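Down below is the structure, laid out as structure tokens.
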Amino acid sequence: MSGWRLVAAAVGITAMAFASHWMMVHTPDRAWTVAVLFGPLLGAVTLAGWQRRHAPTLAGCALAAAVLAVVVARGGVADVSRLYVLQHGAIHLVLAWTFAFTLRPGATALITMMAERIHTVFTPAMRAYTRTLTGVWAAYFVAMIVCSLLLYAFAPWDAWSLFCNVFTPASAAALFIGEHLWRYRRHPEFERASIADAVRAFRARTAPGAASQ
């Protein structure tokens with residue numbers, strides 16, 4: 001992915017984040033808000049399930065699509081805030097589990113697997129570093145869940161929405177970029193790899209057939 005595409009993607013994500021925040025604050029119970037906020041995520045999961053021919057994922061997506069269609073057909077729901085909180089928490093729980101599961105004894109950590117696709121020379125120090133980094137990301141996703149629940153319980157709704165739609169993607173990007181910069185300051189001996197290389201490795205890891213490797 002070239003530099004201008006990364007910039008365009010960042011601008012698009014930022015615009016979507018603030019648009020989602022506006023909808024959650026001003027029109028959270030409208031049918032079109034529910035469709036806009038849940039539709040793309042459901043579509044992405046469905047596409048991933050179709051590419052991998054994973055029947056349970058496709059069945060779950062079909063059920064979720066039916067529920068979403070009913071909600072939209074009814075014109076929205078009276079109190080949709082809990083649904084948004086559940087969505088945010090579920091996404092981060094799945095991510096935390098995905099990263100943490102690869103840290104079990106004898107397994108190869110998720111970021112280690114991706115790093116092995118990038119580097120031509122992969123040292124034991126790099127293996128240890130990427131395993132630790134996998135744990136850092138798992139802890140980050142858990143922290144997002146905890147913060148989300150605390151804000152929902154004790155803060156105004158617009159504060160939670162700002163956290164969900166703006167702070168969450170911004171903090172993930174900050175961790176991703178900050179770690180990239182810190183790594184080469186702390187470990188200059190590591191073979192260099194660009195952020196674009198990391199994005200391509202992630203795509204390769206989630207491509208059809210990658211799960212069987």
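Following the order of the structure tokens, first chain is A, next is B, and so on, with residues numbered from 1 inside each chain and ligands from 1 in the order they appear.
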Run DSSP on the backbone and grab whatever in region 89-193 of chain A lands in alpha helix (DSSP H); send it over as JSON, numbers by chain. {"A": [89, 90, 91, 92, 93, 94, 95, 96, 97, 98, 99, 100, 101, 110, 111, 112, 113, 114, 115, 116, 117, 118, 124, 125, 126, 127, 128, 129, 130, 131, 132, 133, 134, 135, 136, 137, 138, 139, 140, 141, 142, 143, 144, 145, 146, 147, 148, 149, 150, 151, 152, 153, 154, 157, 158, 159, 160, 161, 162, 168, 169, 170, 171, 172, 173, 174, 175, 176, 177, 178, 179, 180, 181, 182, 183, 184, 185, 186]}
Interface rows for region 119-207 of chain A against region 81-87 of chain A: nearest pair, Å to one decimal, 8 Å, only C-alpha atoms, as a Markdown table:
```
| residue | atom | partner | partner_atom | distance |
| --- | --- | --- | --- | --- |
| A:Ser148 | CA | A:Val85 | CA | 7.4 |
| A:Leu149 | CA | A:Val85 | CA | 7.7 |
| A:Tyr152 | CA | A:Val85 | CA | 7.7 |
```
Keeping C-alpha atoms, export the residues of the selection given above as a PDB file, in the first residue's frame.
```pdb
ATOM      1  CA  SER A 148     -15.892   1.120  27.635  1.00  0.00           C
ATOM      2  CA  LEU A 149     -17.892  -0.460  30.452  1.00  0.00           C
ATOM      3  CA  TYR A 152     -21.012   3.518  29.927  1.00  0.00           C
TER       4      TYR A 152
END
```
